[in-house]
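A.B. asks: Structure file query01.pdb, PDB, C-alpha atoms, pLDDT in the B column, is pasted below:
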MODEL        1
ATOM      1  CA  MET C  22      18.801   5.717   4.208  1.00 92.00           C
ATOM      2  CA  THR C  23      15.356   7.048   3.300  1.00 97.00           C
ATOM      3  CA  ILE C  24      13.461   4.950   0.756  1.00 98.00           C
ATOM      4  CA  LYS C  25      10.349   5.305  -1.380  1.00 98.00           C
ATOM      5  CA  THR C  26       7.838   2.527  -1.873  1.00 98.00           C
ATOM      6  CA  ILE C  27       5.250   2.202  -4.604  1.00 98.00           C
ATOM      7  CA  ILE C  28       2.262  -0.032  -4.016  1.00 98.00           C
ATOM      8  CA  ARG C  29       0.099  -0.629  -7.084  1.00 98.00           C
ATOM      9  CA  ARG C  30      -3.415  -2.028  -7.139  1.00 97.00           C
ATOM     10  CA  ARG C  31      -6.153  -2.371  -9.732  1.00 97.00           C
ATOM     11  CA  ILE C  32      -9.538  -1.685  -8.177  1.00 96.00           C
ATOM     12  CA  PRO C  33     -12.268  -2.745 -10.609  1.00 95.00           C
ATOM     13  CA  ARG C  34     -15.476  -0.744 -10.776  1.00 91.00           C
ATOM     14  CA  GLY C  35     -17.881  -1.945  -8.136  1.00 94.00           C
ATOM     15  CA  LYS C  36     -15.138  -3.270  -5.821  1.00 95.00           C
ATOM     16  CA  GLU C  37     -13.957   0.036  -4.352  1.00 92.00           C
ATOM     17  CA  LYS C  38     -16.675   0.243  -1.704  1.00 94.00           C
ATOM     18  CA  GLU C  39     -15.991  -3.305  -0.519  1.00 96.00           C
ATOM     19  CA  ALA C  40     -12.201  -2.812  -0.387  1.00 95.00           C
ATOM     20  CA  LEU C  41     -12.208   0.698   1.129  1.00 93.00           C
ATOM     21  CA  PRO C  42     -12.503  -0.246   4.834  1.00 95.00           C
ATOM     22  CA  PHE C  43      -9.514  -2.596   4.507  1.00 95.00           C
ATOM     23  CA  LEU C  44      -7.498  -0.004   2.573  1.00 95.00           C
ATOM     24  CA  LEU C  45      -8.173   2.598   5.265  1.00 94.00           C
ATOM     25  CA  GLU C  46      -7.101   0.123   7.942  1.00 96.00           C
ATOM     26  CA  LEU C  47      -3.860  -0.491   6.021  1.00 95.00           C
ATOM     27  CA  ARG C  48      -3.164   3.241   5.925  1.00 94.00           C
ATOM     28  CA  LYS C  49      -3.787   3.550   9.667  1.00 96.00           C
ATOM     29  CA  LEU C  50      -1.485   0.625  10.352  1.00 95.00           C
ATOM     30  CA  ALA C  51       1.303   2.121   8.195  1.00 95.00           C
ATOM     31  CA  ILE C  52       1.070   5.498   9.921  1.00 96.00           C
ATOM     32  CA  GLU C  53       1.548   3.789  13.291  1.00 96.00           C
ATOM     33  CA  GLN C  54       4.676   1.892  12.170  1.00 96.00           C
ATOM     34  CA  PRO C  55       8.099   3.033  13.372  1.00 97.00           C
ATOM     35  CA  GLY C  56      10.018   4.548  10.464  1.00 98.00           C
ATOM     36  CA  TYR C  57       6.975   5.702   8.478  1.00 98.00           C
ATOM     37  CA  ILE C  58       7.447   9.276   7.242  1.00 98.00           C
ATOM     38  CA  CYS C  59       4.579   9.980   4.849  1.00 97.00           C
ATOM     39  CA  GLY C  60       2.485   8.626   2.019  1.00 96.00           C
ATOM     40  CA  GLU C  61       0.135   9.658  -0.737  1.00 96.00           C
ATOM     41  CA  THR C  62      -2.449   7.828  -2.812  1.00 96.00           C
ATOM     42  CA  LEU C  63      -2.831   8.608  -6.516  1.00 97.00           C
ATOM     43  CA  ARG C  64      -5.322   7.507  -9.181  1.00 96.00           C
ATOM     44  CA  ASN C  65      -4.232   7.145 -12.812  1.00 98.00           C
ATOM     45  CA  MET C  66      -6.001   9.822 -14.894  1.00 98.00           C
ATOM     46  CA  ASP C  67      -6.100   7.598 -18.000  1.00 98.00           C
ATOM     47  CA  ASP C  68      -6.970   4.390 -16.138  1.00 98.00           C
ATOM     48  CA  PRO C  69      -9.066   5.170 -13.028  1.00 96.00           C
ATOM     49  CA  GLU C  70      -8.926   1.550 -11.857  1.00 96.00           C
ATOM     50  CA  GLU C  71      -5.172   1.889 -11.249  1.00 97.00           C
ATOM     51  CA  ILE C  72      -4.219   3.229  -7.816  1.00 96.00           C
ATOM     52  CA  VAL C  73      -0.689   3.754  -6.517  1.00 98.00           C
ATOM     53  CA  VAL C  74       0.416   4.529  -2.992  1.00 97.00           C
ATOM     54  CA  ILE C  75       3.795   6.226  -2.708  1.00 98.00           C
ATOM     55  CA  GLY C  76       5.300   5.903   0.746  1.00 98.00           C
ATOM     56  CA  THR C  77       8.409   7.360   2.327  1.00 98.00           C
ATOM     57  CA  TRP C  78      10.209   5.356   5.004  1.00 99.00           C
ATOM     58  CA  LYS C  79      13.257   6.079   7.165  1.00 98.00           C
ATOM     59  CA  SER C  80      14.880   2.803   6.109  1.00 98.00           C
ATOM     60  CA  TYR C  81      14.422  -0.401   4.151  1.00 98.00           C
ATOM     61  CA  ASP C  82      14.327  -2.293   7.456  1.00 98.00           C
ATOM     62  CA  ALA C  83      11.418  -0.138   8.676  1.00 98.00           C
ATOM     63  CA  TRP C  84       9.525  -0.919   5.459  1.00 98.00           C
ATOM     64  CA  LYS C  85      10.249  -4.660   5.704  1.00 97.00           C
ATOM     65  CA  SER C  86       9.063  -4.639   9.297  1.00 97.00           C
ATOM     66  CA  CYS C  87       5.811  -3.020   8.212  1.00 96.00           C
ATOM     67  CA  ILE C  88       5.063  -5.352   5.305  1.00 96.00           C
ATOM     68  CA  ASN C  89       5.772  -8.408   7.440  1.00 96.00           C
ATOM     69  CA  ASN C  90       3.356  -7.260  10.157  1.00 96.00           C
ATOM     70  CA  LYS C  91       0.882 -10.100  10.744  1.00 97.00           C
ATOM     71  CA  LYS C  92      -2.182  -7.832  10.805  1.00 96.00           C
ATOM     72  CA  ARG C  93      -1.052  -6.140   7.591  1.00 96.00           C
ATOM     73  CA  LEU C  94      -0.570  -9.490   5.854  1.00 97.00           C
ATOM     74  CA  GLU C  95      -4.134 -10.472   6.800  1.00 97.00           C
ATOM     75  CA  LEU C  96      -5.537  -7.180   5.458  1.00 96.00           C
ATOM     76  CA  VAL C  97      -3.615  -7.461   2.179  1.00 97.00           C
ATOM     77  CA  LYS C  98      -4.890 -11.018   1.726  1.00 97.00           C
ATOM     78  CA  LYS C  99      -8.496  -9.804   2.147  1.00 96.00           C
ATOM     79  CA  ILE C 100      -7.951  -6.906  -0.270  1.00 97.00           C
ATOM     80  CA  ASP C 101      -6.345  -9.141  -2.896  1.00 97.00           C
ATOM     81  CA  GLU C 102      -9.254 -11.586  -2.601  1.00 97.00           C
ATOM     82  CA  ILE C 103     -11.789  -8.774  -3.087  1.00 96.00           C
ATOM     83  CA  LEU C 104      -9.897  -7.311  -6.051  1.00 96.00           C
ATOM     84  CA  GLY C 105      -9.076 -10.673  -7.612  1.00 96.00           C
ATOM     85  CA  THR C 106      -5.428  -9.730  -8.136  1.00 95.00           C
ATOM     86  CA  SER C 107      -2.185  -9.436  -6.193  1.00 95.00           C
ATOM     87  CA  THR C 108      -0.859  -6.160  -4.848  1.00 96.00           C
ATOM     88  CA  GLU C 109       2.410  -5.095  -6.515  1.00 98.00           C
ATOM     89  CA  TYR C 110       5.296  -3.616  -4.520  1.00 97.00           C
ATOM     90  CA  LYS C 111       8.422  -1.741  -5.628  1.00 98.00           C
ATOM     91  CA  VAL C 112      11.055  -0.197  -3.361  1.00 98.00           C
ATOM     92  CA  TYR C 113      13.395   2.608  -4.460  1.00 98.00           C
ATOM     93  CA  GLN C 114      16.339   4.442  -2.992  1.00 97.00           C
ATOM     94  CA  TYR C 115      17.762   7.776  -4.034  1.00 93.00           C
ATOM     95  CA  ALA C 116      20.359   7.486  -6.816  1.00 92.00           C
TER      96      ALA C 116
ENDMDL
END
Once more with this new file: its structure as structure tokens, please.

C.D. replies:
Amino acid sequence: MTIKTIIRRRIPRGKEKEALPFLLELRKLAIEQPGYICGETLRNMDDPEEIVVIGTWKSYDAWKSCINNKKRLELVKKIDEILGTSTEYKVYQYA
């Protein structure tokens, strides 16, 4: 069953440049994962520090495999340290 994921981050002013290389590496890693279909990154118009990534995956198992990837976990840890906050994840299925 196809699922949608929403990844939410707050990127404070002045931290975007430092976090960007790690964020781009995360995107590259996701694209290479089996079961990845597509994704898009959106910035909140009323709160430009809020960024969401909406991903589409072939299955929940494919998503879990991706988020448990050792390299991905290391990248997320670096990003969270730079941003000073934890990345939020939500997973949805079609109703």

A.B. asks: Show me the residues close to (4.5, -2.6, -5.2) - anything with an atom within 10 Å, counting only C-alpha atoms - and format the list as a list in words.

C.D. replies: Thr26, Ile27, Ile28, Arg29, Arg30, Val73, Val74, Ile75, Ser107, Thr108, Glu109, Tyr110, Lys111 and Val112 of chain C

A.B. asks: Using the chain letters and numbering of this document, enumerate as a ChimeraX atom specification the residues selected by the PyMOL selection byres ((chain C and resi 36) around 12).

C.D. replies: /C:30-35,37-44,70,100-106

A.B. asks: What is the distance, in Å and to one decimal place, between CA of Ile88 (chain C) and CA of Ala116 (chain C)?

C.D. replies: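 Result for CA of Ile88 (chain C) versus CA of Ala116 (chain C): 23.4 Å, one decimal.
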
A.B. asks: Find the residues near Leu47 (chain C): any atom within 12 Å, counting all atoms listed in the file, skip ones fewer than 6 places away on the same chain, and give them as a PyMOL selection string.

C.D. replies: chain C and resi 28+40-41+53-54+60+74+87-88+90-100

A.B. asks: Grab the CA of Pro55 (chain C) to CA of Glu71 (chain C) distance for me, in Å with one decimal place.

C.D. replies: 28.0 Å

A.B. asks: With all atoms listed in the file as the counted atoms, please give the residues lying no more than 7 Å from Gly56 (chain C), apart from itself and same-chain residues fewer than 4 positions off, as a PDB file with C-alpha atoms, in the coordinates of the input.

C.D. replies:
ATOM      1  CA  TRP C  78      10.209   5.356   5.004  1.00 99.00           C
ATOM      2  CA  LYS C  79      13.257   6.079   7.165  1.00 98.00           C
ATOM      3  CA  SER C  80      14.880   2.803   6.109  1.00 98.00           C
ATOM      4  CA  ALA C  83      11.418  -0.138   8.676  1.00 98.00           C
TER       5      ALA C  83
END
